[in-house]
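Reproduced below: entry24.cif, with mmCIF, C-alpha atoms.
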data_run
loop_
_atom_site.label_atom_id
_atom_site.label_comp_id
_atom_site.auth_asym_id
_atom_site.auth_seq_id
_atom_site.Cartn_x
_atom_site.Cartn_y
_atom_site.Cartn_z
CA MET A 1 222.30 -0.42 143.95
CA ASP A 2 225.78 -0.31 145.46
CA LYS A 3 228.45 -2.70 144.17
CA THR A 4 228.84 -4.24 147.60
CA ASP A 5 225.13 -4.99 147.92
CA LYS A 6 224.21 -8.64 148.15
CA LYS A 7 221.07 -10.69 148.00
CA TYR A 8 220.16 -14.08 149.39
CA THR A 9 217.11 -16.21 148.67
CA ASN A 10 215.43 -19.39 149.87
CA GLY A 11 213.22 -19.54 146.79
CA GLU A 12 210.33 -17.94 148.63
CA ILE A 13 211.76 -14.62 149.79
CA THR A 14 214.90 -12.63 149.01
CA VAL A 15 216.87 -10.82 151.71
CA PHE A 16 218.81 -7.77 150.50
CA TRP A 17 221.97 -6.67 152.27
CA GLN A 18 223.35 -3.15 151.88
CA PRO A 19 226.52 -3.15 153.99
CA HIS A 20 227.17 0.60 153.71
CA LYS A 21 223.91 1.24 155.55
CA CYS A 22 224.71 -1.10 158.46
CA ILE A 23 225.34 0.55 161.84
CA HIS A 24 226.28 -2.76 163.48
CA ALA A 25 223.42 -2.73 165.89
CA THR A 26 223.93 -6.53 166.06
CA THR A 27 220.17 -7.07 166.25
CA CYS A 28 220.06 -9.61 163.43
CA TYR A 29 222.61 -12.03 164.76
CA ARG A 30 221.57 -11.70 168.37
CA GLU A 31 218.07 -12.64 167.28
CA LEU A 32 218.85 -15.30 164.71
CA ILE A 33 222.42 -16.53 164.58
CA GLU A 34 221.29 -19.58 162.58
CA VAL A 35 220.64 -17.25 159.64
CA PHE A 36 222.75 -14.13 160.27
CA ASN A 37 226.25 -15.19 161.28
CA PRO A 38 228.98 -12.62 160.56
CA ARG A 39 231.67 -15.22 161.26
CA LYS A 40 230.54 -17.31 158.32
CA SER A 41 230.82 -16.79 154.61
CA PRO A 42 228.34 -16.18 153.16
CA TRP A 43 227.16 -14.59 156.37
CA VAL A 44 223.47 -15.14 155.55
CA ASN A 45 222.20 -18.72 155.56
CA MET A 46 218.66 -18.72 154.20
CA ASP A 47 218.14 -22.36 155.22
CA GLY A 48 218.81 -21.59 158.87
CA ALA A 49 215.22 -20.75 159.83
CA PRO A 50 211.68 -20.70 158.48
CA THR A 51 210.70 -17.84 156.18
CA GLU A 52 208.46 -16.13 158.77
CA GLU A 53 211.30 -16.07 161.28
CA ILE A 54 213.72 -14.53 158.76
CA ILE A 55 211.16 -11.86 157.84
CA ARG A 56 210.58 -11.06 161.50
CA VAL A 57 214.27 -10.48 162.17
CA VAL A 58 214.89 -8.51 158.98
CA LYS A 59 212.10 -6.16 160.07
CA LEU A 60 213.91 -5.58 163.37
CA CYS A 61 216.91 -4.08 161.56
CA PRO A 62 217.07 -0.45 162.71
CA THR A 63 218.47 0.71 159.37
CA GLU A 64 217.78 -0.18 155.76
CA ALA A 65 220.81 -2.43 155.66
CA LEU A 66 218.60 -5.51 155.70
CA SER A 67 215.39 -5.66 153.70
CA VAL A 68 213.25 -8.44 152.35
CA SER A 69 210.75 -9.09 149.61
CA TYR A 70 208.71 -12.02 148.42
CA ASN A 71 209.94 -13.54 145.21
CA LYS A 72 207.56 -12.37 142.53
CA ALA A 73 207.91 -15.56 140.57
CA MET A 74 207.00 -17.64 143.58
CA GLU A 75 203.39 -18.32 142.71
CA ALA A 76 204.27 -19.04 139.09
CA ASP A 77 206.94 -21.45 140.30
CA MET A 78 204.49 -23.18 142.57
CA ASP A 79 202.03 -23.59 139.71
CA ALA A 80 204.79 -24.93 137.49
CA ASP A 81 205.80 -27.38 140.21
CA ARG A 82 202.27 -28.67 140.39
CA SER A 83 201.75 -29.13 136.68
CA SER A 84 205.09 -30.50 135.52
CA GLU A 85 207.26 -32.26 138.10
CA SER A 86 204.75 -34.00 140.30
CA PRO A 87 201.94 -33.23 142.66
CA GLU A 88 202.96 -31.27 145.74
CA SER A 89 205.12 -33.29 148.04
CA ILE A 90 203.64 -35.09 151.03
CA ALA A 91 203.33 -32.71 153.95
CA GLU A 92 206.18 -32.66 156.41
CA ALA A 93 205.71 -31.49 159.99
CA ARG A 94 208.90 -30.83 161.85
CA VAL A 95 209.33 -29.97 165.52
CA MET A 96 212.10 -27.42 166.07
CA GLU A 97 213.84 -27.93 169.41
CA ASP A 98 212.80 -25.13 171.82
CA GLY A 99 210.94 -23.57 168.90
CA PRO A 100 207.93 -23.82 166.61
CA LEU A 101 206.28 -26.56 164.58
CA VAL A 102 207.21 -26.06 160.94
CA ILE A 103 204.95 -27.52 158.26
CA ARG A 104 205.55 -27.63 154.53
CA GLY A 105 204.35 -29.55 151.50
CA ASN A 106 200.80 -30.54 150.75
CA PHE A 107 198.67 -29.43 153.69
CA ILE A 108 195.63 -27.31 154.53
CA LEU A 109 195.72 -25.12 157.62
CA TYR A 110 192.51 -24.42 159.54
CA ASP A 111 192.00 -21.85 162.28
CA THR A 112 190.07 -22.41 165.51
CA ASP A 113 186.80 -21.73 163.69
CA GLY A 114 187.57 -24.34 161.06
CA LYS A 115 188.22 -21.61 158.49
CA GLU A 116 190.96 -22.32 156.01
CA LEU A 117 194.03 -20.11 156.45
CA ARG A 118 196.01 -19.21 153.36
CA HIS A 119 199.63 -20.12 153.75
CA LEU A 120 202.94 -19.94 151.97
CA LYS A 121 205.05 -22.97 151.18
CA MET A 122 205.86 -23.20 154.82
CA SER A 123 204.04 -22.35 158.04
CA SER A 124 205.71 -21.90 161.38
CA LEU A 125 203.28 -22.53 164.26
CA CYS A 126 203.80 -21.43 167.87
CA ARG A 127 204.42 -24.18 170.44
CA CYS A 128 205.36 -22.06 173.44
CA GLY A 129 201.96 -20.40 173.78
CA ALA A 130 203.42 -16.90 174.10
CA SER A 131 203.43 -15.62 170.52
CA ASN A 132 201.78 -12.27 169.85
CA ASP A 133 200.78 -13.53 166.42
CA LEU A 134 199.02 -16.82 167.24
CA PRO A 135 198.79 -19.39 165.81
CA TYR A 136 202.06 -18.40 164.18
CA CYS A 137 205.51 -18.28 165.73
CA ASP A 138 206.88 -14.76 166.18
CA GLY A 139 210.11 -15.72 167.92
CA THR A 140 208.81 -15.01 171.44
CA HIS A 141 209.96 -18.51 172.52
CA ARG A 142 213.50 -17.12 172.67
CA LYS A 143 212.53 -14.28 174.98
CA ILE A 144 210.66 -16.51 177.42
CA GLY A 145 213.30 -19.24 177.30
CA TYR A 146 210.89 -21.89 176.12
CA ILE A 147 212.28 -25.40 176.35
CA GLY A 148 210.51 -28.11 174.42
CA LYS A 149 211.48 -31.28 172.62
CA MET B 1 213.01 -37.07 143.12
CA MET B 2 210.08 -39.11 144.29
CA ASN B 3 209.81 -42.77 143.58
CA ASP B 4 206.67 -44.31 142.09
CA MET B 5 205.37 -45.49 145.41
CA GLU B 6 205.54 -42.00 146.86
CA LYS B 7 203.77 -40.58 143.80
CA GLU B 8 201.05 -43.14 144.24
CA ILE B 9 200.64 -42.27 147.92
CA ILE B 10 200.30 -38.59 147.06
CA ALA B 11 197.86 -39.25 144.25
CA SER B 12 195.61 -41.34 146.44
CA HIS B 13 195.51 -39.05 149.46
CA PRO B 14 194.18 -35.57 150.05
CA PRO B 15 196.41 -32.91 151.66
CA ALA B 16 197.22 -33.35 155.33
CA GLU B 17 194.89 -31.36 157.59
CA VAL B 18 196.47 -29.06 160.13
CA LYS B 19 193.90 -27.75 162.60
CA ILE B 20 194.47 -25.20 165.32
CA LEU B 21 192.18 -26.40 168.11
CA ARG B 22 190.71 -23.63 170.26
CA ASP B 23 192.58 -23.32 173.58
CA GLY B 24 194.17 -26.65 172.71
CA PRO B 25 196.79 -28.37 170.59
CA ILE B 26 197.58 -28.45 166.88
CA MET B 27 196.02 -31.49 165.27
CA ILE B 28 197.75 -32.91 162.21
CA LYS B 29 195.81 -35.58 160.39
CA GLY B 30 196.30 -37.43 157.13
CA VAL B 31 199.31 -38.67 155.23
CA PHE B 32 202.44 -36.80 156.18
CA THR B 33 205.97 -37.11 157.44
CA PHE B 34 206.61 -36.16 161.03
CA LYS B 35 210.06 -35.28 162.35
CA ASP B 36 210.65 -34.77 166.04
CA SER B 37 213.38 -32.51 167.39
CA SER B 38 215.82 -35.41 167.60
CA GLY B 39 215.33 -36.07 163.89
CA LYS B 40 213.26 -39.21 164.41
CA ILE B 41 210.81 -39.69 161.56
CA SER B 42 207.39 -41.27 161.28
CA LYS B 43 205.69 -41.52 157.90
CA GLY B 44 202.28 -42.40 156.57
CA GLU B 45 198.73 -42.00 157.73
CA GLN B 46 198.65 -40.60 161.26
CA GLU B 47 196.84 -38.27 163.62
CA LEU B 48 198.99 -36.29 166.04
CA TYR B 49 198.32 -33.65 168.66
CA ILE B 50 201.12 -31.17 169.25
CA CYS B 51 201.22 -29.08 172.43
CA ARG B 52 200.50 -25.42 171.77
CA CYS B 53 200.29 -24.11 175.35
CA GLY B 54 203.91 -24.78 176.23
CA GLY B 55 202.90 -26.62 179.38
CA SER B 56 202.83 -30.28 178.39
CA ALA B 57 205.04 -32.62 180.40
CA ASN B 58 205.29 -34.89 177.38
CA LYS B 59 206.36 -32.52 174.58
CA PRO B 60 205.96 -32.34 171.70
CA TRP B 61 202.67 -34.13 172.45
CA CYS B 62 199.65 -32.56 174.06
CA ASP B 63 198.93 -34.10 177.47
CA GLU B 64 195.87 -31.96 178.22
CA THR B 65 197.84 -29.69 180.55
CA HIS B 66 196.21 -26.72 178.76
CA LYS B 67 193.01 -27.56 180.62
CA LYS B 68 194.78 -27.27 183.98
CA ILE B 69 196.59 -24.05 183.20
CA GLY B 70 193.59 -22.57 181.43
CA VAL B 71 195.21 -21.22 178.29
CA ALA B 72 193.18 -19.15 175.89
CA ASN B 73 194.53 -19.07 172.38
#
Using structure tokens, write down the structure that the file contains.
Amino acid sequence: MDKTDKKYTNGEITVFWQPHKCIHATTCYRELIEVFNPRKSPWVNMDGAPTEEIIRVVKLCPTEALSVSYNKAMEADMDADRSSESPESIAEARVMEDGPLVIRGNFILYDTDGKELRHLKMSSLCRCGASNDLPYCDGTHRKIGYIGK
Amino acid sequence: MMNDMEKEIIASHPPAEVKILRDGPIMIKGVFTFKDSSGKISKGEQELYICRCGGSANKPWCDETHKKIGVAN
């Protein structure tokens, strides 16, 4: 690990940044300026988008400058949350302007056959109808210029 | 931190159900907090249908436009 390497987490995943490997392809901030903004410090804001969206953009990086992994302690943390603090929080469904429906908290997700879908702390569901990974958002709404309150 | 009332609500209600309806909207049913894109919040027991085809004229709500445009998802 290089001294200049950095890592950023939202509690669920950790994004690793190895600046010496960056070729400045600009993919990350053209795709997701809410998270990857080189004009800001720190330049990575892990609260700027849902986990799935961050993972998607990290995977677009043409080099190994950006990488991501799930936090290993996540499941243990979630169990600890359940047993000590309180039950899981009431579910929250939030409509992102021109983007997906983001759901977190205490919810069960069912597919079109009524089968339960395993999910992380947060699910990001497509609203534009054009995702290649339905029912999940894959960022296609940006490409098609989806507009939706 | 949650207050006692919120704890009680959680204890007395099962998880919210989020169902992907075939060729139709997302149904969210149960006790949950809903935030629209303007930040407006509604809380408590509710049943909402969120457009998933992109074609509704009344977003974020489903207005059955998916039937007209014949989406399959």
query = Exactly which residues make up the result of the PyMOL selection byres ((chain B) within 6 of (chain A)) on this file, given as a PyMOL selection string?
reply = chain B and resi 15-22+32-37+52-54+59-60
request  = Apply the PyMOL selection byres ((chain B and resi 71) around 8) to the displayed file and report the matching residues as JSON, numbers by chain.
outcome  = {"B": [23, 24, 53, 66, 67, 69, 70, 72, 73]}
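Here atom CA of Gln18 of chain A stands at a distance of 7.4 Å from atom CA of Asp2 of chain A.
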inquiry  = Translate the PyMOL selection byres ((chain A and resi 31) around 12) into a concrete residue list for this structure, as a VMD selection string.
reply    = chain A and resid 25 to 30 32 to 37 49 53 to 61 138 to 143
message = What does the structure give for the distance between atom CA of Met122 of chain A and atom CA of Glu12 of chain A, in Å to one decimal?
response =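 According to the coordinates, atom CA of Met122 of chain A and atom CA of Glu12 of chain A are separated by 9.3 Å.
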key: Atomic separation - atom CA of Met46 of chain A relative to atom CA of Tyr49 of chain B, Å   =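 Atom CA of Met46 of chain A lies 29.1 Å from atom CA of Tyr49 of chain B.
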Near-Glu64 of chain B list (9 Å; all atoms listed in the file; drop same-chain fewer than 4 positions) as a PDB file with C-alpha atoms, in the frame of the given file:
ATOM      1  CA  GLY B  24     194.170 -26.650 172.710  1.00  0.00           C
ATOM      2  CA  PRO B  25     196.790 -28.370 170.590  1.00  0.00           C
ATOM      3  CA  CYS B  51     201.220 -29.080 172.430  1.00  0.00           C
ATOM      4  CA  GLY B  55     202.900 -26.620 179.380  1.00  0.00           C
ATOM      5  CA  SER B  56     202.830 -30.280 178.390  1.00  0.00           C
ATOM      6  CA  LYS B  68     194.780 -27.270 183.980  1.00  0.00           C
TER       7      LYS B  68
END
Complete the atoms of segment 34-65 of chain A to N, CA and C atoms and put them out as a short mmCIF file (atom, residue, chain, number, x, y, z; two decimals), keeping the file's coordinate frame.
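The new file selection36.cif reads:
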data_model
loop_
_atom_site.label_atom_id
_atom_site.label_comp_id
_atom_site.auth_asym_id
_atom_site.auth_seq_id
_atom_site.Cartn_x
_atom_site.Cartn_y
_atom_site.Cartn_z
N GLU A 34 221.36 -18.47 163.55
CA GLU A 34 221.29 -19.58 162.58
C GLU A 34 221.23 -19.05 161.14
N VAL A 35 220.75 -17.82 160.99
CA VAL A 35 220.64 -17.25 159.64
C VAL A 35 221.70 -16.17 159.43
N PHE A 36 221.84 -15.27 160.42
CA PHE A 36 222.75 -14.13 160.27
C PHE A 36 223.99 -14.36 161.13
N ASN A 37 225.04 -14.89 160.52
CA ASN A 37 226.25 -15.19 161.28
C ASN A 37 227.45 -14.53 160.62
N PRO A 38 227.89 -13.39 161.19
CA PRO A 38 228.98 -12.62 160.56
C PRO A 38 230.31 -13.37 160.52
N ARG A 39 230.42 -14.45 161.29
CA ARG A 39 231.67 -15.22 161.26
C ARG A 39 231.71 -16.21 160.11
N LYS A 40 230.59 -16.35 159.42
CA LYS A 40 230.54 -17.31 158.32
C LYS A 40 230.52 -16.60 156.97
N SER A 41 230.86 -17.33 155.96
CA SER A 41 230.82 -16.79 154.61
C SER A 41 230.14 -17.79 153.68
N PRO A 42 229.06 -17.45 153.02
CA PRO A 42 228.34 -16.18 153.16
C PRO A 42 227.73 -16.04 154.56
N TRP A 43 227.58 -14.79 154.98
CA TRP A 43 227.16 -14.59 156.37
C TRP A 43 225.67 -14.81 156.57
N VAL A 44 224.90 -14.87 155.46
CA VAL A 44 223.47 -15.14 155.55
C VAL A 44 223.17 -16.55 155.04
N ASN A 45 222.59 -17.37 155.93
CA ASN A 45 222.20 -18.72 155.56
C ASN A 45 220.67 -18.81 155.54
N MET A 46 220.12 -18.79 154.34
CA MET A 46 218.66 -18.72 154.20
C MET A 46 217.97 -20.03 154.59
N ASP A 47 218.75 -21.10 154.79
CA ASP A 47 218.14 -22.36 155.22
C ASP A 47 218.15 -22.52 156.74
N GLY A 48 218.63 -21.47 157.42
CA GLY A 48 218.81 -21.59 158.87
C GLY A 48 217.54 -21.44 159.69
N ALA A 49 216.46 -20.95 159.08
CA ALA A 49 215.22 -20.75 159.83
C ALA A 49 214.07 -20.65 158.85
N PRO A 50 212.85 -20.85 159.36
CA PRO A 50 211.68 -20.70 158.48
C PRO A 50 211.54 -19.26 157.97
N THR A 51 210.88 -19.13 156.83
CA THR A 51 210.70 -17.84 156.18
C THR A 51 210.14 -16.78 157.13
N GLU A 52 209.09 -17.12 157.88
CA GLU A 52 208.46 -16.13 158.77
C GLU A 52 209.45 -15.58 159.79
N GLU A 53 210.31 -16.46 160.27
CA GLU A 53 211.30 -16.07 161.28
C GLU A 53 212.34 -15.12 160.67
N ILE A 54 212.76 -15.41 159.44
CA ILE A 54 213.72 -14.53 158.76
C ILE A 54 213.09 -13.15 158.54
N ILE A 55 211.85 -13.14 158.08
CA ILE A 55 211.16 -11.86 157.84
C ILE A 55 211.07 -11.06 159.14
N ARG A 56 210.72 -11.74 160.21
CA ARG A 56 210.58 -11.06 161.50
C ARG A 56 211.88 -10.35 161.89
N VAL A 57 213.00 -11.05 161.73
CA VAL A 57 214.27 -10.48 162.17
C VAL A 57 214.74 -9.38 161.22
N VAL A 58 214.51 -9.57 159.93
CA VAL A 58 214.89 -8.51 158.98
C VAL A 58 214.15 -7.21 159.33
N LYS A 59 212.89 -7.35 159.73
CA LYS A 59 212.10 -6.16 160.07
C LYS A 59 212.61 -5.47 161.33
N LEU A 60 213.37 -6.18 162.15
CA LEU A 60 213.91 -5.58 163.37
C LEU A 60 215.14 -4.71 163.09
N CYS A 61 215.71 -4.86 161.89
CA CYS A 61 216.91 -4.08 161.56
C CYS A 61 216.59 -2.59 161.67
N PRO A 62 217.38 -1.86 162.49
CA PRO A 62 217.07 -0.45 162.71
C PRO A 62 217.40 0.46 161.52
N THR A 63 218.14 -0.07 160.57
CA THR A 63 218.47 0.71 159.37
C THR A 63 217.87 0.02 158.15
N GLU A 64 218.24 0.49 156.98
CA GLU A 64 217.78 -0.18 155.76
C GLU A 64 218.81 -1.18 155.24
N ALA A 65 219.75 -1.51 156.09
CA ALA A 65 220.81 -2.43 155.66
C ALA A 65 220.24 -3.79 155.26
#
